[in-house]
$ cat final-v5.cif   # mmCIF, C-alpha atoms and all ligand atoms; chains and numbers go by the auth columns
data_run
loop_
_atom_site.group_PDB
_atom_site.id
_atom_site.type_symbol
_atom_site.label_atom_id
_atom_site.label_comp_id
_atom_site.label_asym_id
_atom_site.label_seq_id
_atom_site.Cartn_x
_atom_site.Cartn_y
_atom_site.Cartn_z
_atom_site.B_iso_or_equiv
_atom_site.auth_seq_id
_atom_site.auth_asym_id
ATOM 1 C CA MET A 1 77.906 110.914 112.204 0.00 1227 A
ATOM 2 C CA SER A 2 78.162 108.720 115.308 0.00 1228 A
ATOM 3 C CA GLN A 3 81.496 107.167 116.106 0.00 1229 A
ATOM 4 C CA SER A 4 83.169 104.508 118.235 0.00 1230 A
ATOM 5 C CA ALA A 5 86.918 103.877 118.157 0.00 1231 A
ATOM 6 C CA ASN A 6 87.765 103.409 114.461 0.00 1232 A
ATOM 7 C CA HIS A 7 84.176 102.928 113.273 0.00 1233 A
ATOM 8 C CA HIS A 8 82.171 105.859 111.918 0.00 1234 A
ATOM 9 C CA VAL A 9 78.451 105.495 111.124 0.00 1235 A
ATOM 10 C CA LEU A 10 76.683 108.034 108.905 0.00 1236 A
ATOM 11 C CA SER A 11 73.799 109.895 110.478 0.00 1237 A
ATOM 12 C CA HIS A 12 71.681 111.356 107.676 0.00 1238 A
ATOM 13 C CA SER A 13 67.951 111.153 107.017 0.00 1239 A
ATOM 14 C CA LEU A 14 68.359 110.639 103.253 0.00 1240 A
ATOM 15 C CA VAL A 15 70.879 107.864 103.835 0.00 1241 A
ATOM 16 C CA ASP A 16 68.493 106.155 106.254 0.00 1242 A
ATOM 17 C CA HIS A 17 65.734 106.466 103.638 0.00 1243 A
ATOM 18 C CA CYS A 18 67.958 104.858 100.989 0.00 1244 A
ATOM 19 C CA ILE A 19 69.085 102.081 103.333 0.00 1245 A
ATOM 20 C CA THR A 20 65.456 101.217 104.023 0.00 1246 A
ATOM 21 C CA ARG A 21 64.794 100.885 100.282 0.00 1247 A
ATOM 22 C CA LEU A 22 67.988 98.830 99.857 0.00 1248 A
ATOM 23 C CA ARG A 23 66.808 96.454 102.566 0.00 1249 A
ATOM 24 C CA ALA A 24 63.330 95.952 101.051 0.00 1250 A
ATOM 25 C CA GLU A 25 63.215 92.553 99.359 0.00 1251 A
ATOM 26 C CA ASN A 26 61.056 93.836 96.467 0.00 1252 A
ATOM 27 C CA THR A 27 63.317 96.771 95.486 0.00 1253 A
ATOM 28 C CA PRO A 28 64.120 96.190 91.795 0.00 1254 A
ATOM 29 C CA VAL A 29 67.684 95.813 90.570 0.00 1255 A
ATOM 30 C CA HIS A 30 67.883 99.194 88.787 0.00 1256 A
ATOM 31 C CA GLU A 31 66.688 101.039 91.916 0.00 1257 A
ATOM 32 C CA PHE A 32 69.058 99.013 94.106 0.00 1258 A
ATOM 33 C CA HIS A 33 71.931 100.176 91.899 0.00 1259 A
ATOM 34 C CA GLN A 34 70.827 103.843 92.092 0.00 1260 A
ATOM 35 C CA LEU A 35 70.375 103.729 95.870 0.00 1261 A
ATOM 36 C CA LEU A 36 73.812 102.215 96.331 0.00 1262 A
ATOM 37 C CA GLN A 37 75.270 105.139 94.343 0.00 1263 A
ATOM 38 C CA ILE A 38 73.561 107.730 96.544 0.00 1264 A
ATOM 39 C CA VAL A 39 74.713 106.139 99.807 0.00 1265 A
ATOM 40 C CA ALA A 40 78.216 105.571 98.414 0.00 1266 A
ATOM 41 C CA MET A 41 78.405 109.266 97.452 0.00 1267 A
ATOM 42 C CA VAL A 42 77.715 110.358 101.031 0.00 1268 A
ATOM 43 C CA LEU A 43 80.170 107.751 102.350 0.00 1269 A
ATOM 44 C CA ALA A 44 82.804 108.997 99.908 0.00 1270 A
ATOM 45 C CA SER A 45 82.318 112.530 101.129 0.00 1271 A
ATOM 46 C CA GLU A 46 82.541 111.502 104.781 0.00 1272 A
ATOM 47 C CA CYS A 47 85.550 109.245 104.500 0.00 1273 A
ATOM 48 C CA THR A 48 87.542 111.912 102.623 0.00 1274 A
ATOM 49 C CA ARG A 49 86.622 114.748 105.017 0.00 1275 A
ATOM 50 C CA ASP A 50 90.156 115.081 106.431 0.00 1276 A
ATOM 51 C CA LEU A 51 92.347 114.331 103.396 0.00 1277 A
ATOM 52 C CA ALA A 52 95.775 115.941 103.516 0.00 1278 A
ATOM 53 C CA THR A 53 95.958 119.224 101.572 0.00 1279 A
ATOM 54 C CA ARG A 54 98.621 121.748 100.672 0.00 1280 A
ATOM 55 C CA GLN A 55 98.313 125.518 100.389 0.00 1281 A
ATOM 56 C CA VAL A 56 98.007 126.963 96.871 0.00 1282 A
ATOM 57 C CA GLU A 57 97.355 130.412 95.458 0.00 1283 A
ATOM 58 C CA VAL A 58 94.357 131.037 93.235 0.00 1284 A
ATOM 59 C CA ARG A 59 93.476 134.137 91.203 0.00 1285 A
ATOM 60 C CA THR A 60 89.763 134.883 91.341 0.00 1286 A
ATOM 61 C CA PRO A 61 88.308 137.434 88.880 0.00 1287 A
ATOM 62 C CA LEU A 62 88.856 139.987 91.659 0.00 1288 A
ATOM 63 C CA GLU A 63 92.131 139.178 93.418 0.00 1289 A
ATOM 64 C CA LEU A 64 94.791 136.666 94.348 0.00 1290 A
ATOM 65 C CA THR A 65 93.848 134.528 97.355 0.00 1291 A
ATOM 66 C CA SER A 66 94.954 131.342 99.053 0.00 1292 A
ATOM 67 C CA GLY A 67 93.295 127.962 98.861 0.00 1293 A
ATOM 68 C CA VAL A 68 94.122 124.287 99.150 0.00 1294 A
ATOM 69 C CA ARG A 69 94.708 121.300 96.913 0.00 1295 A
ATOM 70 C CA VAL A 70 94.382 117.682 98.035 0.00 1296 A
ATOM 71 C CA SER A 71 97.896 116.315 98.259 0.00 1297 A
ATOM 72 C CA SER A 72 97.334 112.610 99.101 0.00 1298 A
ATOM 73 C CA ARG A 73 97.633 110.078 96.331 0.00 1299 A
ATOM 74 C CA ILE A 74 94.510 107.972 96.724 0.00 1300 A
ATOM 75 C CA GLY A 75 93.782 104.455 95.492 0.00 1301 A
ATOM 76 C CA LEU A 76 90.253 103.057 95.374 0.00 1302 A
ATOM 77 C CA VAL A 77 90.008 99.306 95.949 0.00 1303 A
ATOM 78 C CA PRO A 78 86.614 97.860 94.946 0.00 1304 A
ATOM 79 C CA VAL A 79 86.181 94.249 96.103 0.00 1305 A
ATOM 80 C CA LEU A 80 84.570 92.177 93.323 0.00 1306 A
ATOM 81 C CA ARG A 81 81.767 91.824 92.756 0.00 1307 A
ATOM 82 C CA ALA A 82 79.615 93.987 95.008 0.00 1308 A
ATOM 83 C CA GLY A 83 82.244 96.701 95.504 0.00 1309 A
ATOM 84 C CA LEU A 84 81.740 97.627 91.840 0.00 1310 A
ATOM 85 C CA GLY A 85 78.436 99.185 92.875 0.00 1311 A
ATOM 86 C CA MET A 86 80.261 101.784 94.977 0.00 1312 A
ATOM 87 C CA GLU A 87 83.043 102.559 92.500 0.00 1313 A
ATOM 88 C CA PRO A 88 81.297 105.167 90.263 0.00 1314 A
ATOM 89 C CA ALA A 89 80.249 107.370 93.200 0.00 1315 A
ATOM 90 C CA PHE A 90 83.748 107.309 94.697 0.00 1316 A
ATOM 91 C CA ARG A 91 85.274 108.151 91.319 0.00 1317 A
ATOM 92 C CA GLN A 92 82.990 111.158 90.972 0.00 1318 A
ATOM 93 C CA ILE A 93 84.224 112.521 94.289 0.00 1319 A
ATOM 94 C CA LEU A 94 87.845 111.452 93.625 0.00 1320 A
ATOM 95 C CA PRO A 95 88.326 111.643 89.826 0.00 1321 A
ATOM 96 C CA THR A 96 92.122 111.449 89.974 0.00 1322 A
ATOM 97 C CA ALA A 97 92.256 108.378 92.235 0.00 1323 A
ATOM 98 C CA SER A 98 93.762 105.185 90.834 0.00 1324 A
ATOM 99 C CA VAL A 99 91.478 102.118 90.919 0.00 1325 A
ATOM 100 C CA HIS A 100 92.705 98.654 91.925 0.00 1326 A
ATOM 101 C CA HIS A 101 90.193 95.793 91.749 0.00 1327 A
ATOM 102 C CA ILE A 102 90.580 92.741 93.915 0.00 1328 A
ATOM 103 C CA GLY A 103 88.472 89.590 93.766 0.00 1329 A
ATOM 104 C CA ILE A 104 87.381 87.880 96.968 0.00 1330 A
ATOM 105 C CA ARG A 105 84.320 85.731 97.504 0.00 1331 A
ATOM 106 C CA ARG A 106 83.074 83.767 100.462 0.00 1332 A
ATOM 107 C CA ASP A 107 82.869 80.003 100.378 0.00 1333 A
ATOM 108 C CA GLU A 108 79.121 79.439 100.747 0.00 1334 A
ATOM 109 C CA ALA A 109 79.552 76.548 103.187 0.00 1335 A
ATOM 110 C CA THR A 110 82.245 77.935 105.468 0.00 1336 A
ATOM 111 C CA ALA A 111 81.953 81.737 104.909 0.00 1337 A
ATOM 112 C CA GLN A 112 85.750 81.782 104.588 0.00 1338 A
ATOM 113 C CA PRO A 113 87.116 84.326 102.078 0.00 1339 A
ATOM 114 C CA MET A 114 88.711 82.987 98.900 0.00 1340 A
ATOM 115 C CA ALA A 115 90.848 85.426 96.925 0.00 1341 A
ATOM 116 C CA TYR A 116 90.649 84.902 93.144 0.00 1342 A
ATOM 117 C CA TYR A 117 92.033 88.193 91.784 0.00 1343 A
ATOM 118 C CA ASP A 118 94.954 89.813 93.563 0.00 1344 A
ATOM 119 C CA LEU A 119 96.279 93.332 93.035 0.00 1345 A
ATOM 120 C CA ARG A 120 97.796 93.615 89.564 0.00 1346 A
ATOM 121 C CA THR A 121 100.233 96.472 89.777 0.00 1347 A
ATOM 122 C CA GLU A 122 103.887 97.367 89.616 0.00 1348 A
ATOM 123 C CA GLN A 123 103.049 100.922 90.715 0.00 1349 A
ATOM 124 C CA PRO A 124 104.256 102.324 94.016 0.00 1350 A
ATOM 125 C CA PRO A 125 101.416 102.170 96.562 0.00 1351 A
ATOM 126 C CA PRO A 126 99.095 105.171 97.041 0.00 1352 A
ATOM 127 C CA ASP A 127 99.325 107.196 100.270 0.00 1353 A
ATOM 128 C CA LEU A 128 95.789 106.160 101.171 0.00 1354 A
ATOM 129 C CA ALA A 129 93.785 103.167 99.934 0.00 1355 A
ATOM 130 C CA ILE A 130 90.014 103.042 100.409 0.00 1356 A
ATOM 131 C CA VAL A 131 88.495 99.532 100.288 0.00 1357 A
ATOM 132 C CA LEU A 132 84.977 99.548 98.799 0.00 1358 A
ATOM 133 C CA ASP A 133 82.623 96.702 99.719 0.00 1359 A
ATOM 134 C CA PRO A 134 78.955 97.138 100.661 0.00 1360 A
ATOM 135 C CA MET A 135 78.897 94.343 103.270 0.00 1361 A
ATOM 136 C CA LEU A 136 81.155 93.828 106.290 0.00 1362 A
ATOM 137 C CA ALA A 137 79.809 90.570 107.734 0.00 1363 A
ATOM 138 C CA THR A 138 82.340 88.218 109.397 0.00 1364 A
ATOM 139 C CA GLY A 139 85.078 90.627 108.298 0.00 1365 A
ATOM 140 C CA GLY A 140 86.994 87.823 106.587 0.00 1366 A
ATOM 141 C CA SER A 141 86.866 89.430 103.130 0.00 1367 A
ATOM 142 C CA ALA A 142 87.773 92.878 104.457 0.00 1368 A
ATOM 143 C CA CYS A 143 90.745 91.508 106.419 0.00 1369 A
ATOM 144 C CA ALA A 144 91.944 89.640 103.314 0.00 1370 A
ATOM 145 C CA ALA A 145 91.695 92.876 101.302 0.00 1371 A
ATOM 146 C CA VAL A 146 93.592 94.805 103.971 0.00 1372 A
ATOM 147 C CA GLN A 147 96.316 92.133 104.001 0.00 1373 A
ATOM 148 C CA MET A 148 96.804 92.500 100.215 0.00 1374 A
ATOM 149 C CA LEU A 149 97.161 96.262 100.615 0.00 1375 A
ATOM 150 C CA GLN A 150 99.579 95.928 103.517 0.00 1376 A
ATOM 151 C CA ASP A 151 101.644 93.471 101.454 0.00 1377 A
ATOM 152 C CA TRP A 152 101.747 96.119 98.699 0.00 1378 A
ATOM 153 C CA GLY A 153 103.076 98.614 101.273 0.00 1379 A
ATOM 154 C CA VAL A 154 100.081 100.959 101.627 0.00 1380 A
ATOM 155 C CA ALA A 155 100.610 103.132 104.715 0.00 1381 A
ATOM 156 C CA GLU A 156 97.011 104.174 105.374 0.00 1382 A
ATOM 157 C CA ILE A 157 93.936 102.050 104.692 0.00 1383 A
ATOM 158 C CA ARG A 158 90.272 102.978 105.135 0.00 1384 A
ATOM 159 C CA MET A 159 87.188 100.917 104.446 0.00 1385 A
ATOM 160 C CA ALA A 160 83.811 102.123 103.173 0.00 1386 A
ATOM 161 C CA ALA A 161 80.875 99.739 103.571 0.00 1387 A
ATOM 162 C CA ILE A 162 77.119 100.212 103.402 0.00 1388 A
ATOM 163 C CA ILE A 163 76.214 97.834 106.270 0.00 1389 A
ATOM 164 C CA ALA A 164 78.423 96.347 108.983 0.00 1390 A
ATOM 165 C CA ALA A 165 77.793 93.615 111.548 0.00 1391 A
ATOM 166 C CA PRO A 166 79.289 93.813 115.056 0.00 1392 A
ATOM 167 C CA GLU A 167 81.170 90.555 114.417 0.00 1393 A
ATOM 168 C CA GLY A 168 82.995 92.026 111.413 0.00 1394 A
ATOM 169 C CA LEU A 169 83.873 95.229 113.245 0.00 1395 A
ATOM 170 C CA LYS A 170 85.293 93.186 116.137 0.00 1396 A
ATOM 171 C CA LYS A 171 87.440 91.125 113.783 0.00 1397 A
ATOM 172 C CA MET A 172 88.740 94.258 112.057 0.00 1398 A
ATOM 173 C CA ALA A 173 89.485 95.941 115.395 0.00 1399 A
ATOM 174 C CA GLU A 174 91.494 92.905 116.472 0.00 1400 A
ATOM 175 C CA SER A 175 93.419 92.204 113.283 0.00 1401 A
ATOM 176 C CA CYS A 176 93.855 95.676 111.739 0.00 1402 A
ATOM 177 C CA PRO A 177 93.073 98.312 114.398 0.00 1403 A
ATOM 178 C CA ASP A 178 94.569 101.144 112.317 0.00 1404 A
ATOM 179 C CA VAL A 179 91.978 100.773 109.545 0.00 1405 A
ATOM 180 C CA ARG A 180 89.211 103.367 109.858 0.00 1406 A
ATOM 181 C CA ILE A 181 85.830 101.998 108.835 0.00 1407 A
ATOM 182 C CA PHE A 182 82.990 104.165 107.478 0.00 1408 A
ATOM 183 C CA THR A 183 79.530 102.635 107.195 0.00 1409 A
ATOM 184 C CA ALA A 184 75.996 103.816 106.566 0.00 1410 A
ATOM 185 C CA ALA A 185 74.429 101.367 109.053 0.00 1411 A
ATOM 186 C CA LEU A 186 75.401 99.068 111.891 0.00 1412 A
ATOM 187 C CA ASP A 187 73.160 96.021 112.049 0.00 1413 A
ATOM 188 C CA ARG A 188 72.290 93.619 114.856 0.00 1414 A
ATOM 189 C CA GLU A 189 74.117 90.342 114.209 0.00 1415 A
ATOM 190 C CA LEU A 190 75.012 87.556 111.782 0.00 1416 A
ATOM 191 C CA ASN A 191 72.679 84.596 111.320 0.00 1417 A
ATOM 192 C CA GLN A 192 73.793 80.934 111.239 0.00 1418 A
ATOM 193 C CA ASN A 193 74.797 81.334 107.572 0.00 1419 A
ATOM 194 C CA SER A 194 76.893 84.425 108.364 0.00 1420 A
ATOM 195 C CA TYR A 195 74.421 86.791 106.684 0.00 1421 A
ATOM 196 C CA ILE A 196 73.890 90.200 108.244 0.00 1422 A
ATOM 197 C CA CYS A 197 70.519 90.632 110.013 0.00 1423 A
ATOM 198 C CA PRO A 198 68.389 92.515 109.241 0.00 1424 A
ATOM 199 C CA GLY A 199 70.778 93.274 106.356 0.00 1425 A
ATOM 200 C CA LEU A 200 69.768 93.414 102.719 0.00 1426 A
ATOM 201 C CA GLY A 201 70.575 89.890 101.573 0.00 1427 A
ATOM 202 C CA ASP A 202 73.348 89.083 99.117 0.00 1428 A
ATOM 203 C CA ALA A 203 74.604 92.468 97.909 0.00 1429 A
ATOM 204 C CA GLY A 204 76.288 91.136 94.755 0.00 1430 A
ATOM 205 C CA ASP A 205 73.229 89.174 93.665 0.00 1431 A
ATOM 206 C CA ARG A 206 70.892 92.099 94.308 0.00 1432 A
ATOM 207 C CA LEU A 207 73.185 94.566 92.525 0.00 1433 A
ATOM 208 C CA PHE A 208 73.584 92.415 89.409 0.00 1434 A
ATOM 209 C CA GLY A 209 70.175 90.699 89.357 0.00 1435 A
ATOM 210 C CA THR A 210 71.628 87.232 89.792 0.00 1436 A
ATOM 211 C CA VAL A 211 69.399 86.174 92.707 0.00 1437 A
HETATM 212 C C1 LIG B . 80.038 89.600 99.976 0.00 1501 A
HETATM 213 C C2 LIG B . 80.364 91.036 100.232 0.00 1501 A
HETATM 214 C C3 LIG B . 81.705 90.954 100.900 0.00 1501 A
HETATM 215 C C4 LIG B . 81.594 89.678 101.704 0.00 1501 A
HETATM 216 C C5 LIG B . 81.325 90.037 103.138 0.00 1501 A
HETATM 217 O O1 LIG B . 80.696 89.142 98.856 0.00 1501 A
HETATM 218 O O2 LIG B . 80.352 91.827 99.085 0.00 1501 A
HETATM 219 O O3 LIG B . 82.785 90.868 99.983 0.00 1501 A
HETATM 220 O O4 LIG B . 80.482 88.951 101.168 0.00 1501 A
HETATM 221 O O5 LIG B . 81.316 88.899 103.941 0.00 1501 A
HETATM 222 P P1 LIG B . 82.437 88.626 105.055 0.00 1501 A
HETATM 223 O O6 LIG B . 82.588 89.892 105.817 0.00 1501 A
HETATM 224 O O7 LIG B . 81.831 87.513 105.876 0.00 1501 A
HETATM 225 O O8 LIG B . 83.683 88.197 104.378 0.00 1501 A
HETATM 226 P P2 LIG B . 80.449 87.669 98.250 0.00 1501 A
HETATM 227 O O9 LIG B . 81.408 86.703 98.848 0.00 1501 A
HETATM 228 O O10 LIG B . 78.997 87.325 98.381 0.00 1501 A
HETATM 229 O O11 LIG B . 80.861 87.848 96.747 0.00 1501 A
HETATM 230 P P3 LIG B . 80.137 88.678 95.568 0.00 1501 A
HETATM 231 O O12 LIG B . 80.338 90.143 95.851 0.00 1501 A
HETATM 232 O O13 LIG B . 80.874 88.230 94.360 0.00 1501 A
HETATM 233 O O14 LIG B . 78.683 88.309 95.538 0.00 1501 A
HETATM 234 N N1 LIG B . 77.576 89.110 102.039 0.00 1502 A
HETATM 235 C C1 LIG B . 76.415 89.695 101.632 0.00 1502 A
HETATM 236 O O1 LIG B . 76.280 90.062 100.455 0.00 1502 A
HETATM 237 N N2 LIG B . 75.431 89.847 102.529 0.00 1502 A
HETATM 238 C C2 LIG B . 75.541 89.472 103.816 0.00 1502 A
HETATM 239 O O2 LIG B . 74.594 89.659 104.602 0.00 1502 A
HETATM 240 C C3 LIG B . 76.757 88.876 104.221 0.00 1502 A
HETATM 241 C C4 LIG B . 77.750 88.721 103.320 0.00 1502 A
#
$ encode --input "final-v5.cif" --output "structure tokens" --more "lines below"
Ligand code: PRP
Ligand code: URA
Amino acid sequence: MSQSANHHVLSHSLVDHCITRLRAENTPVHEFHQLLQIVAMVLASECTRDLATRQVEVRTPLELTSGVRVSSRIGLVPVLRAGLGMEPAFRQILPTASVHHIGIRRDEATAQPMAYYDLRTEQPPPDLAIVLDPMLATGGSACAAVQMLQDWGVAEIRMAAIIAAPEGLKKMAESCPDVRIFTAALDRELNQNSYICPGLGDAGDRLFGTV
């Protein structure tokens, strides 16, 4: 994994293989969905590497020994729609995590985020919330998601994305520098329509076959 400030990029041959297939314009929808799961699984493993644990005792068939149990209460926050594609893999790694969907979509003309489904919960906030969204482009949607979680009172927020653009990382570093961002790729730039280049196109459309 390479790293700069609060941004961590996976370094893994299988992930690079999957990203290449995700980028390919002729990859069919069912394969796109499978590939997203594989990359999300590796991201989930990486972004939970240092979760807080507490010491516990465990009796093996041979003797009593010491071990650990994860002690953080974790909330997964998939951003509709495309974040749904990462949710199953994260839930496999973190089966006891709570899941809090939020709806944000970009205005096609201005690329400004528009929230349409806010957090629906009376629960106390988790210790750590992980925002799931495959694409970090301008960073507008991610910052809006982070703001909702901060308003809820979440102390620690991380973001897992498949592909990030430098523009989005810059915006996140400026507006929420404490959020650690885990991605599988860092791309070159945004185009005039605020799409990531080379990117993979519209993640939600490709995931759900609505192109
Ligand atoms: C995509 C993506 C992010 C957002 C990233 O969602 O899943 O949420 O764009 O762009 P930004 O960093 O410039 O805000 P989109 O608005 O296309 O909605 P969808 O998932 O419903 O297709
Ligand atoms: N949203 C996407 O789905 N893809 C991009 O390249 C940018 C925003």
$ atom_distance --input "final-v5.cif" --atom1 "CA of Cys1273 (chain A)" --atom2 "CA of Phe1408 (chain A)"
6.4 Å
$ axis_aligned_box --input "final-v5.cif" --around "ligand LIG 1501 (chain A)" --padding-each-side "3 Å" --output "JSON"
{"center_x": 81.2, "center_y": 89.3, "center_z": 100.1, "size_x": 11.0, "size_y": 11.1, "size_z": 17.5}
$ residues_around --input "final-v5.cif" --residues "region 1242-1244 of chain A" --least-positions-apart "5" --cutoff "12 Å" --atoms "only C-alpha atoms" --output "MDAnalysis selection string"
chainID A and resid 1235:1237 1249:1250 1253 1257:1268 1388:1389 1409:1412 1426
$ write_last_selection --input "final-v5.cif" --atoms "C-alpha atoms" --output "PDB file, in the coordinates of the input"
ATOM      1  CA  VAL A1235      78.451 105.495 111.124  1.00  0.00           C
ATOM      2  CA  LEU A1236      76.683 108.034 108.905  1.00  0.00           C
ATOM      3  CA  SER A1237      73.799 109.895 110.478  1.00  0.00           C
ATOM      4  CA  ARG A1249      66.808  96.454 102.566  1.00  0.00           C
ATOM      5  CA  ALA A1250      63.330  95.952 101.051  1.00  0.00           C
ATOM      6  CA  THR A1253      63.317  96.771  95.486  1.00  0.00           C
ATOM      7  CA  GLU A1257      66.688 101.039  91.916  1.00  0.00           C
ATOM      8  CA  PHE A1258      69.058  99.013  94.106  1.00  0.00           C
ATOM      9  CA  HIS A1259      71.931 100.176  91.899  1.00  0.00           C
ATOM     10  CA  GLN A1260      70.827 103.843  92.092  1.00  0.00           C
ATOM     11  CA  LEU A1261      70.375 103.729  95.870  1.00  0.00           C
ATOM     12  CA  LEU A1262      73.812 102.215  96.331  1.00  0.00           C
ATOM     13  CA  GLN A1263      75.270 105.139  94.343  1.00  0.00           C
ATOM     14  CA  ILE A1264      73.561 107.730  96.544  1.00  0.00           C
ATOM     15  CA  VAL A1265      74.713 106.139  99.807  1.00  0.00           C
ATOM     16  CA  ALA A1266      78.216 105.571  98.414  1.00  0.00           C
ATOM     17  CA  MET A1267      78.405 109.266  97.452  1.00  0.00           C
ATOM     18  CA  VAL A1268      77.715 110.358 101.031  1.00  0.00           C
ATOM     19  CA  ILE A1388      77.119 100.212 103.402  1.00  0.00           C
ATOM     20  CA  ILE A1389      76.214  97.834 106.270  1.00  0.00           C
ATOM     21  CA  THR A1409      79.530 102.635 107.195  1.00  0.00           C
ATOM     22  CA  ALA A1410      75.996 103.816 106.566  1.00  0.00           C
ATOM     23  CA  ALA A1411      74.429 101.367 109.053  1.00  0.00           C
ATOM     24  CA  LEU A1412      75.401  99.068 111.891  1.00  0.00           C
ATOM     25  CA  LEU A1426      69.768  93.414 102.719  1.00  0.00           C
TER      26      LEU A1426
END
$ resolve_selection --input "final-v5.cif" --expression "the PyMOL selection byres (((not hetatm)) within 9 of (chain A and resi 1502))" --output "list in words"
Ala1308, Arg1331, Arg1332, Ala1337, Pro1360, Met1361, Leu1362, Ala1363, Thr1364, Ile1389, Ala1390, Ala1391, Leu1416, Asn1417, Asn1419, Ser1420, Tyr1421, Ile1422, Cys1423, Pro1424, Gly1425, Leu1426, Gly1427, Asp1428, Ala1429, Gly1430, Asp1431 and Arg1432 of chain A
$ atom_distance --input "final-v5.cif" --atom1 "atom O4 of ligand LIG 1501 (chain A)" --atom2 "CA of Asp1276 (chain A)"
28.4 Å
$ closest_residue --input "final-v5.cif" --among "A:Asn1252, A:Glu1313, A:Ala1278, A:Cys1369" --to "Val1405 (chain A)" --atoms "all atoms listed in the file"
A:Cys1369
$ atom_distance --input "final-v5.cif" --atom1 "CA of Leu1320 (chain A)" --atom2 "CA of Gly1301 (chain A)"
9.4 Å
$ resolve_selection --input "final-v5.cif" --expression "the PyMOL selection byres (((chain A and resi 1404) around 9) and not hetatm)" --output "mmCIF file with C-alpha atoms, in the frame of the given file"
data_model
loop_
_atom_site.group_PDB
_atom_site.id
_atom_site.type_symbol
_atom_site.label_atom_id
_atom_site.label_comp_id
_atom_site.auth_asym_id
_atom_site.auth_seq_id
_atom_site.Cartn_x
_atom_site.Cartn_y
_atom_site.Cartn_z
ATOM 1 C CA ASN A 1232 87.765 103.409 114.461
ATOM 2 C CA GLU A 1382 97.011 104.174 105.374
ATOM 3 C CA ILE A 1383 93.936 102.050 104.692
ATOM 4 C CA ARG A 1384 90.272 102.978 105.135
ATOM 5 C CA ALA A 1399 89.485 95.941 115.395
ATOM 6 C CA CYS A 1402 93.855 95.676 111.739
ATOM 7 C CA PRO A 1403 93.073 98.312 114.398
ATOM 8 C CA VAL A 1405 91.978 100.773 109.545
ATOM 9 C CA ARG A 1406 89.211 103.367 109.858
#
$ resolve_selection --input "final-v5.cif" --expression "the PyMOL selection byres (((chain A and resi 1300) around 6) and not hetatm)" --output "list in words"
Ser1298, Arg1299, Gly1301, Ala1323, Pro1352, Leu1354 and Ala1355 of chain A
$ write_last_selection --input "final-v5.cif" --atoms "C-alpha atoms" --output "tab-separated table (two decimals), in the frame of the given file"
chain	number	residue	atom	x	y	z
A	1298	SER	CA	97.33	112.61	99.10
A	1299	ARG	CA	97.63	110.08	96.33
A	1301	GLY	CA	93.78	104.46	95.49
A	1323	ALA	CA	92.26	108.38	92.24
A	1352	PRO	CA	99.10	105.17	97.04
A	1354	LEU	CA	95.79	106.16	101.17
A	1355	ALA	CA	93.78	103.17	99.93
